[in-house]
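This is coords15.cif (mmCIF, C-alpha atoms and all ligand atoms).
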```cif
data_structure
#
loop_
_atom_site.label_atom_id
_atom_site.label_comp_id
_atom_site.auth_asym_id
_atom_site.auth_seq_id
_atom_site.Cartn_x
_atom_site.Cartn_y
_atom_site.Cartn_z
CA TYR D 1 -3.18 -9.40 13.75
CA PHE D 2 -1.57 -9.66 10.38
CA VAL D 3 1.62 -11.66 10.10
CA THR D 4 3.76 -11.99 7.03
CA PRO D 5 5.63 -13.97 5.88
CA ALA D 6 4.71 -17.32 7.50
CA GLN D 7 5.23 -20.89 6.28
CA PHE D 8 2.21 -22.91 5.19
CA GLU D 9 2.15 -26.70 5.16
CA GLY D 10 -1.16 -27.86 3.83
CA ASP D 11 -3.82 -26.38 6.10
CA ARG D 12 -1.43 -25.60 8.91
CA VAL D 13 0.93 -22.72 9.27
CA GLU D 14 3.96 -22.16 11.45
CA ILE D 15 4.91 -18.66 12.58
CA THR D 16 8.42 -18.25 13.97
CA GLY D 17 10.98 -15.64 15.05
CA ASP D 18 9.96 -12.08 15.94
CA ASP D 19 6.39 -12.68 14.73
CA ALA D 20 5.94 -15.59 17.16
CA ARG D 21 7.38 -13.52 20.01
CA HIS D 22 5.14 -10.61 19.08
CA ILE D 23 2.03 -12.82 19.14
CA THR D 24 2.88 -14.48 22.47
CA LYS D 25 4.53 -11.66 24.44
CA VAL D 26 3.18 -8.40 23.03
CA MET D 27 -0.29 -9.33 21.80
CA ARG D 28 -0.71 -11.99 24.51
CA GLY D 29 -2.31 -14.35 22.00
CA ARG D 30 -4.27 -17.37 23.27
CA LEU D 31 -5.36 -20.71 21.84
CA GLY D 32 -8.31 -20.17 19.48
CA ASP D 33 -7.37 -16.54 18.61
CA LYS D 34 -7.70 -15.72 14.92
CA LEU D 35 -4.93 -14.19 12.80
CA ILE D 36 -4.52 -13.25 9.19
CA VAL D 37 -1.25 -14.60 7.85
CA SER D 38 0.48 -14.51 4.49
CA ASP D 39 3.48 -16.33 3.07
CA GLY D 40 4.38 -13.13 1.26
CA VAL D 41 4.27 -14.89 -2.10
CA SER D 42 1.06 -16.63 -3.04
CA ARG D 43 -1.02 -17.57 -0.03
CA GLU D 44 -2.99 -15.66 2.59
CA ALA D 45 -5.49 -17.05 5.10
CA MET D 46 -7.46 -16.50 8.28
CA VAL D 47 -6.05 -19.00 10.78
CA GLU D 48 -6.79 -20.06 14.35
CA ILE D 49 -4.02 -20.60 16.91
CA GLU D 50 -3.77 -24.23 18.01
CA SER D 51 -0.49 -24.17 19.93
CA LEU D 52 1.80 -21.42 21.05
CA GLU D 53 5.27 -21.00 22.46
CA ALA D 54 7.55 -17.97 22.44
CA ALA D 55 9.61 -19.33 19.54
CA SER D 56 6.85 -20.79 17.39
CA VAL D 57 3.10 -20.54 16.93
CA PHE D 58 1.12 -23.19 15.04
CA ALA D 59 -2.25 -22.31 13.57
CA VAL D 60 -4.82 -24.00 11.36
CA VAL D 61 -6.38 -22.42 8.27
CA ILE D 62 -10.07 -21.63 8.67
CA GLU D 63 -10.51 -19.54 5.53
CA SER D 64 -8.27 -18.94 2.52
CA MET D 65 -8.21 -15.33 1.36
CA GLU D 66 -7.60 -13.77 -2.02
CA MET D 67 -4.31 -11.90 -2.42
CA ARG D 68 -5.75 -8.84 -4.06
CA ASN D 69 -4.08 -5.92 -2.32
CA GLU D 70 -1.04 -5.76 -4.58
CA PRO D 71 -0.97 -3.29 -7.50
CA ARG D 72 -0.62 -4.48 -11.08
CA LEU D 73 1.85 -1.68 -11.70
CA GLN D 74 4.93 -2.85 -9.81
CA VAL D 75 6.87 0.24 -8.81
CA THR D 76 10.43 0.21 -7.49
CA ILE D 77 11.73 3.33 -5.78
CA ALA D 78 15.40 4.01 -6.49
CA GLN D 79 16.36 6.62 -3.91
CA SER D 80 19.77 8.25 -3.67
CA LEU D 81 20.60 7.77 0.02
CA PRO D 82 19.31 10.77 1.99
CA LYS D 83 20.67 12.08 5.30
CA GLY D 84 19.55 10.96 8.77
CA ASP D 85 16.55 8.65 8.98
CA LYS D 86 14.83 9.92 5.83
CA MET D 87 15.33 6.57 4.04
CA GLU D 88 13.17 5.04 6.76
CA THR D 89 10.41 7.54 6.00
CA VAL D 90 10.68 6.75 2.29
CA ILE D 91 10.40 2.99 2.93
CA GLN D 92 7.54 3.29 5.41
CA LYS D 93 5.38 5.68 3.37
CA CYS D 94 6.07 4.14 -0.04
CA THR D 95 5.30 0.65 1.34
CA GLU D 96 1.92 1.88 2.58
CA ILE D 97 1.21 3.47 -0.80
CA GLY D 98 2.19 0.32 -2.72
CA ALA D 99 5.85 0.19 -3.85
CA VAL D 100 7.09 -3.37 -4.48
CA SER D 101 10.78 -2.75 -3.84
CA PHE D 102 13.42 -0.23 -2.88
CA ALA D 103 16.80 0.28 -4.50
CA PRO D 104 18.83 2.80 -2.49
CA PHE D 105 21.87 4.03 -4.40
CA LEU D 106 24.81 6.42 -4.18
CA SER D 107 25.15 9.31 -6.62
CA GLU D 108 27.58 12.18 -7.00
CA ARG D 109 25.91 14.49 -4.50
CA THR D 110 24.92 11.81 -1.97
CA ILE D 111 26.05 13.28 1.35
CA VAL D 112 25.96 10.22 3.61
CA GLN D 113 28.55 7.48 3.49
CA TYR D 114 27.50 3.83 3.24
CA ASP D 115 29.96 1.08 4.02
CA ALA D 116 28.26 -2.22 3.13
CA LYS D 117 30.46 -4.18 5.55
CA LYS D 118 29.50 -2.10 8.57
CA GLU D 119 25.91 -1.30 7.76
CA GLY D 120 24.12 -4.65 8.00
CA LYS D 121 22.08 -3.32 10.91
CA ARG D 122 20.81 -0.42 8.86
CA LEU D 123 19.63 -2.71 6.06
CA GLU D 124 18.03 -5.00 8.61
CA ARG D 125 16.20 -2.02 10.11
CA TRP D 126 14.96 -0.86 6.69
CA ARG D 127 13.62 -4.39 6.02
CA LYS D 128 11.86 -4.43 9.38
CA ILE D 129 10.24 -1.08 8.60
CA ALA D 130 9.05 -2.45 5.23
CA LYS D 131 7.57 -5.50 6.94
CA GLU D 132 5.75 -3.49 9.61
CA ALA D 133 4.43 -0.99 7.08
CA ALA D 134 3.27 -3.85 4.82
CA GLU D 135 1.42 -5.43 7.73
CA GLN D 136 -0.26 -2.22 8.77
CA ALA D 137 -1.31 -1.53 5.18
CA HIS D 138 -2.60 -5.12 4.74
CA ARG D 139 -0.25 -5.71 1.85
CA ASN D 140 0.01 -9.30 0.62
CA ARG D 141 3.75 -8.96 0.11
CA VAL D 142 6.58 -7.31 1.94
CA PRO D 143 8.53 -5.09 -0.46
CA SER D 144 12.18 -5.99 -0.86
CA VAL D 145 14.91 -3.56 0.20
CA GLU D 146 18.19 -4.00 -1.65
CA GLN D 147 21.70 -3.27 -0.44
CA PRO D 148 22.62 0.25 -1.73
CA LEU D 149 23.88 0.19 -5.33
CA SER D 150 26.60 2.22 -6.98
CA TRP D 151 25.40 4.68 -9.64
CA ARG D 152 26.93 2.49 -12.33
CA ASN D 153 25.07 -0.62 -11.12
CA LEU D 154 21.83 1.31 -10.90
CA LEU D 155 22.19 2.36 -14.55
CA ALA D 156 22.90 -1.26 -15.52
CA ALA D 157 19.66 -2.34 -13.82
CA PHE D 158 17.47 0.01 -15.91
CA SER D 159 17.08 -2.61 -18.64
CA SER D 160 15.13 -4.94 -16.34
CA TYR D 161 12.18 -2.50 -16.10
CA ASP D 162 9.43 -1.78 -18.61
CA ALA D 163 9.96 1.95 -17.99
CA VAL D 164 12.33 4.14 -15.96
CA CYS D 165 11.36 7.68 -14.93
CA PHE D 166 14.26 9.86 -13.80
CA CYS D 167 12.79 12.55 -11.53
CA TYR D 168 14.63 15.77 -12.38
CA GLU D 169 13.42 19.11 -11.06
CA LYS D 170 15.15 20.95 -13.94
CA GLU D 171 13.09 19.03 -16.49
CA HIS D 172 10.49 21.51 -17.74
CA GLY D 173 9.57 19.56 -20.86
CA SER D 174 8.17 16.11 -20.16
CA GLN D 175 6.23 15.74 -16.93
CA LEU D 176 5.58 12.45 -15.14
CA ARG D 177 1.98 12.37 -16.34
CA ASP D 178 3.00 12.72 -20.01
CA VAL D 179 4.99 9.50 -19.64
CA LEU D 180 2.65 7.55 -17.37
CA LYS D 181 -0.51 7.93 -19.41
CA PRO D 182 0.72 6.26 -22.62
CA PHE D 183 2.86 3.79 -20.64
CA VAL D 184 -0.11 2.54 -18.60
CA GLU D 185 -2.32 2.30 -21.69
CA GLN D 186 0.28 0.29 -23.55
CA ALA D 187 1.73 -1.83 -20.68
CA LEU D 188 -1.44 -2.59 -18.72
CA PRO D 189 -4.07 -3.16 -21.39
CA GLU D 190 -6.23 -5.61 -19.46
CA SER D 191 -6.93 -6.53 -15.84
CA GLY D 192 -4.56 -9.54 -15.60
CA SER D 193 -1.48 -7.74 -16.97
CA GLN D 194 1.46 -6.41 -14.92
CA ALA D 195 4.25 -3.95 -15.63
CA CYS D 196 7.41 -2.83 -13.83
CA LEU D 197 8.26 0.82 -13.38
CA LEU D 198 11.39 2.29 -11.79
CA LEU D 199 11.21 5.79 -10.27
CA VAL D 200 14.65 7.35 -9.71
CA VAL D 201 14.93 10.11 -7.09
CA GLY D 202 17.98 12.21 -6.26
CA PRO D 203 19.61 13.29 -2.99
CA GLU D 204 19.28 16.62 -1.13
CA GLY D 205 21.56 18.34 -3.64
CA GLY D 206 19.81 16.80 -6.67
CA PHE D 207 21.40 15.15 -9.71
CA THR D 208 24.12 16.64 -11.88
CA GLU D 209 23.47 17.29 -15.58
CA GLU D 210 25.93 14.50 -16.41
CA GLU D 211 23.93 12.05 -14.31
CA CYS D 212 20.76 13.10 -16.12
CA ARG D 213 22.41 12.49 -19.50
CA ALA D 214 23.81 9.13 -18.36
CA ALA D 215 20.37 8.06 -17.11
CA GLU D 216 18.79 9.00 -20.45
CA ASP D 217 21.52 7.14 -22.33
CA ALA D 218 20.76 4.07 -20.19
CA GLY D 219 17.07 4.21 -21.19
CA ALA D 220 15.38 6.48 -18.61
CA VAL D 221 13.00 9.32 -19.42
CA SER D 222 13.71 12.51 -17.51
CA VAL D 223 10.48 13.83 -15.93
CA GLY D 224 9.35 16.77 -13.83
CA LEU D 225 6.91 16.47 -10.93
CA GLY D 226 5.41 19.95 -11.25
CA ARG D 227 6.75 23.43 -10.58
CA ARG D 228 7.54 23.02 -6.90
CA ILE D 229 10.80 21.52 -5.64
CA LEU D 230 10.00 18.59 -3.36
CA ARG D 231 12.26 17.33 -0.60
CA CYS D 232 14.09 14.18 -1.57
CA GLU D 233 11.94 12.06 0.80
CA THR D 234 8.71 13.59 -0.61
CA ALA D 235 9.49 13.17 -4.32
CA GLY D 236 9.36 9.34 -4.45
CA MET D 237 6.10 8.98 -2.55
CA THR D 238 4.50 11.70 -4.68
CA ALA D 239 5.59 10.11 -7.94
CA LEU D 240 4.50 6.68 -6.69
CA ALA D 241 1.03 7.91 -5.75
CA CYS D 242 0.70 9.55 -9.20
CA ALA D 243 1.79 6.34 -10.94
CA LEU D 244 -0.66 4.16 -9.01
CA TYR D 245 -3.43 6.72 -9.55
CA GLU D 246 -2.75 6.68 -13.28
CA SER D 247 -2.90 2.88 -13.32
CA GLY D 248 -6.24 2.97 -11.46
CA GLU D 249 -4.91 1.63 -8.18
CA MET D 250 -5.36 4.60 -5.84
CA GLY D 251 -8.92 5.29 -4.77
N1 LIG D 301 16.91 20.54 -1.16
C1 LIG D 301 15.73 19.75 -0.95
C2 LIG D 301 16.03 18.60 0.03
O1 LIG D 301 16.97 18.78 0.81
O2 LIG D 301 15.37 17.59 0.08
C3 LIG D 301 15.18 19.31 -2.29
C4 LIG D 301 15.97 18.23 -2.93
S1 LIG D 301 15.40 17.75 -4.57
C5 LIG D 301 16.68 18.46 -5.53
C6 LIG D 301 15.73 16.01 -4.44
C7 LIG D 301 15.22 15.13 -5.56
O3 LIG D 301 13.81 15.11 -5.57
C8 LIG D 301 15.62 15.53 -6.95
O4 LIG D 301 16.91 15.05 -7.30
C9 LIG D 301 14.54 14.90 -7.79
O5 LIG D 301 14.83 13.54 -8.05
C10 LIG D 301 13.32 14.99 -6.90
N2 LIG D 301 12.49 16.18 -7.16
C11 LIG D 301 12.15 17.14 -6.26
N3 LIG D 301 11.31 18.02 -6.82
C12 LIG D 301 11.12 17.64 -8.09
C13 LIG D 301 10.35 18.14 -9.20
N4 LIG D 301 9.62 19.23 -9.11
N5 LIG D 301 10.39 17.46 -10.36
C14 LIG D 301 11.13 16.34 -10.48
N6 LIG D 301 11.87 15.81 -9.50
C15 LIG D 301 11.86 16.44 -8.32
#
```

Take the structure in this file and express it as structure tokens.
Ligand code: SAM
Amino acid sequence: YFVTPAQFEGDRVEITGDDARHITKVMRGRLGDKLIVSDGVSREAMVEIESLEAASVFAVVIESMEMRNEPRLQVTIAQSLPKGDKMETVIQKCTEIGAVSFAPFLSERTIVQYDAKKEGKRLERWRKIAKEAAEQAHRNRVPSVEQPLSWRNLLAAFSSYDAVCFCYEKEHGSQLRDVLKPFVEQALPESGSQACLLLVVGPEGGFTEEECRAAEDAGAVSVGLGRRILRCETAGMTALACALYESGEMG
């Protein structure tokens, strides 16, 4: 199994909550079984179960492991909330590919409503999907999923990234690759370096021209993803795969 995050204390680790229940009830874990666990931040290890109850499993570290499955290019997917369960698809697939966080947001043509007070369950579900996808992909970290932002707050957040690519199907000048190539060369010069990239994707009806201008004014570069129009849930994962390929972290 792969469980993340868990709490380490020296060479022992305690696994609680849903993970503990999953190990005891679903996987029918036994004393002496081996697990790979991560604290989701800086530590990952092969451990052996030494005691188990439904609410908590204690295990002892038998081998520390390197956390080397995270990309140096840290990509956040800002996705204008799509209809139905498409946000779940975005989170699941982009977590497998290697996104480090998700920033859903509301834009002019967003069709679905989001009432933060009533939608705690939805956010909880998105976070669970990110965790499960991270485990299946053997990520060392679970990507964060933020509460949906207003368009204005999304624009204000642009300044905390090294680069922001605004995916705009009407952009026939600069393409994603034209931006990524020089960005990666300049921002990731050697193996230890890291850089943060934000990919902004619109809703089913796309962005308005005003939104494109506002994004550029806030520091984004408007980019195309080729001649074909991708569905809103396909665009982010495509751009993410291209970005990680360009930074040498896909295949
Ligand atoms: N109507 C389809 C749907 O329901 O999903 C397509 C929607 S497309 C307008 C949604 C978003 O995907 C756009 O706002 C843009 O961010 C991104 N996108 C899709 N194709 C693109 C392309 N060729 N270049 C750049 N961005 C693209």

Kindly compile the residues surrounding ligand LIG 301 (chain D) within 6 Å, counting all atoms listed in the file, and format them as a PyMOL selection string.
chain D and resi 167-169+201-207+224-232+235

Which one of D:Leu198, D:Ile15, D:Cys94, D:Ile36 sits closest to Met237 in chain D if you count all atoms listed in the file?
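Nearest candidate to Met237 in chain D out of D:Leu198, D:Ile15, D:Cys94, D:Ile36: D:Cys94.
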
Near range 65-71 of chain D, counting all atoms listed in the file, which residues have an atom at most 9 Å away, once you skip same-chain residues fewer than 2 positions from it, shown as a PyMOL selection string?
chain D and resi 36+38+42-46+63+73-75+98-100+138-141+194+244+247+249

Which residue out of D:Thr234, D:Thr110, D:Thr76, D:Gln136 has the minimum interatomic distance to Asp162 in chain D when only C-alpha atoms are used?
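Closest candidate: D:Thr76.
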
Which polymer residues, whether protein, DNA or RNA, lie within 7 Å of the coordinate (21.6, -3.0, -5.1) when you count only C-alpha atoms? List them as a list in words, using the chain letters and numbers from the file.
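Neighbouring residues, ordered by chain and number, come to Ala103, Pro104, Glu146, Gln147, Pro148 and Leu149 of chain D.
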
Give the answer as one residue: which of D:Phe158, D:Lys131, D:Thr208, D:Glu233 has the shortest atom-to-atom distance to Met87 in chain D, using all atoms listed in the file?
D:Glu233

Compute the distance from (29.1, 3.5, -10.5) to each atom, counting all atoms listed in the file, keep the residues with any atom at most 12 Å away, and return them as a PDB file with C-alpha atoms, in the frame of the given file; use the coordinates of the file.
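Once everything was written out, this is selection.pdb:
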```pdb
ATOM      1  CA  PHE D 105      21.870   4.030  -4.400  1.00  0.00           C
ATOM      2  CA  LEU D 106      24.810   6.420  -4.180  1.00  0.00           C
ATOM      3  CA  SER D 107      25.150   9.310  -6.620  1.00  0.00           C
ATOM      4  CA  GLU D 108      27.580  12.180  -7.000  1.00  0.00           C
ATOM      5  CA  PRO D 148      22.620   0.250  -1.730  1.00  0.00           C
ATOM      6  CA  LEU D 149      23.880   0.190  -5.330  1.00  0.00           C
ATOM      7  CA  SER D 150      26.600   2.220  -6.980  1.00  0.00           C
ATOM      8  CA  TRP D 151      25.400   4.680  -9.640  1.00  0.00           C
ATOM      9  CA  ARG D 152      26.930   2.490 -12.330  1.00  0.00           C
ATOM     10  CA  ASN D 153      25.070  -0.620 -11.120  1.00  0.00           C
ATOM     11  CA  LEU D 154      21.830   1.310 -10.900  1.00  0.00           C
ATOM     12  CA  LEU D 155      22.190   2.360 -14.550  1.00  0.00           C
ATOM     13  CA  ALA D 156      22.900  -1.260 -15.520  1.00  0.00           C
ATOM     14  CA  ALA D 157      19.660  -2.340 -13.820  1.00  0.00           C
ATOM     15  CA  GLU D 211      23.930  12.050 -14.310  1.00  0.00           C
ATOM     16  CA  ALA D 214      23.810   9.130 -18.360  1.00  0.00           C
ATOM     17  CA  ALA D 215      20.370   8.060 -17.110  1.00  0.00           C
TER      18      ALA D 215
END
```

Restricting the calculation to only C-alpha atoms, which member of D:Gly17, D:Gly248, D:Pro5, D:Pro182 is positioned closest to Ala55 in chain D?
D:Gly17

Nearest candidate to Glu53 in chain D (options D:Arg127, D:Arg72, D:Lys83, D:His22; using all atoms listed in the file):
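Among D:Arg127, D:Arg72, D:Lys83, D:His22, it is D:His22 that comes nearest to Glu53 in chain D.
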
Separating CA of Gly120 in chain D from CA of Lys25 in chain D, to the nearest tenth of an Å, is a gap of 26.5 Å

For CA of Gln79 in chain D and CA of Lys181 in chain D, determine how far apart the two atoms are, in Å to one decimal place.
22.9 Å

Closest to Leu180 in chain D among D:Ala54, D:Leu31, D:Val112, D:Ala241, using only C-alpha atoms?
D:Ala241

What is the distance between CA of Glu185 in chain D and CA of Cys212 in chain D, in Å to one decimal?
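Interatomic distance here is 26.1 Å.
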
I'd like the contact shell of Ile91 in chain D - 9 Å cut-off, all atoms listed in the file, skipping same-chain residues fewer than 3 positions apart - returned as a list in words.
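The neighbour list is Ile77, Lys86, Met87, Glu88, Cys94, Thr95, Glu96, Ala99, Ser101, Phe102, Trp126, Arg127, Ile129, Ala130, Ala133, Pro143 and Val145 of chain D.
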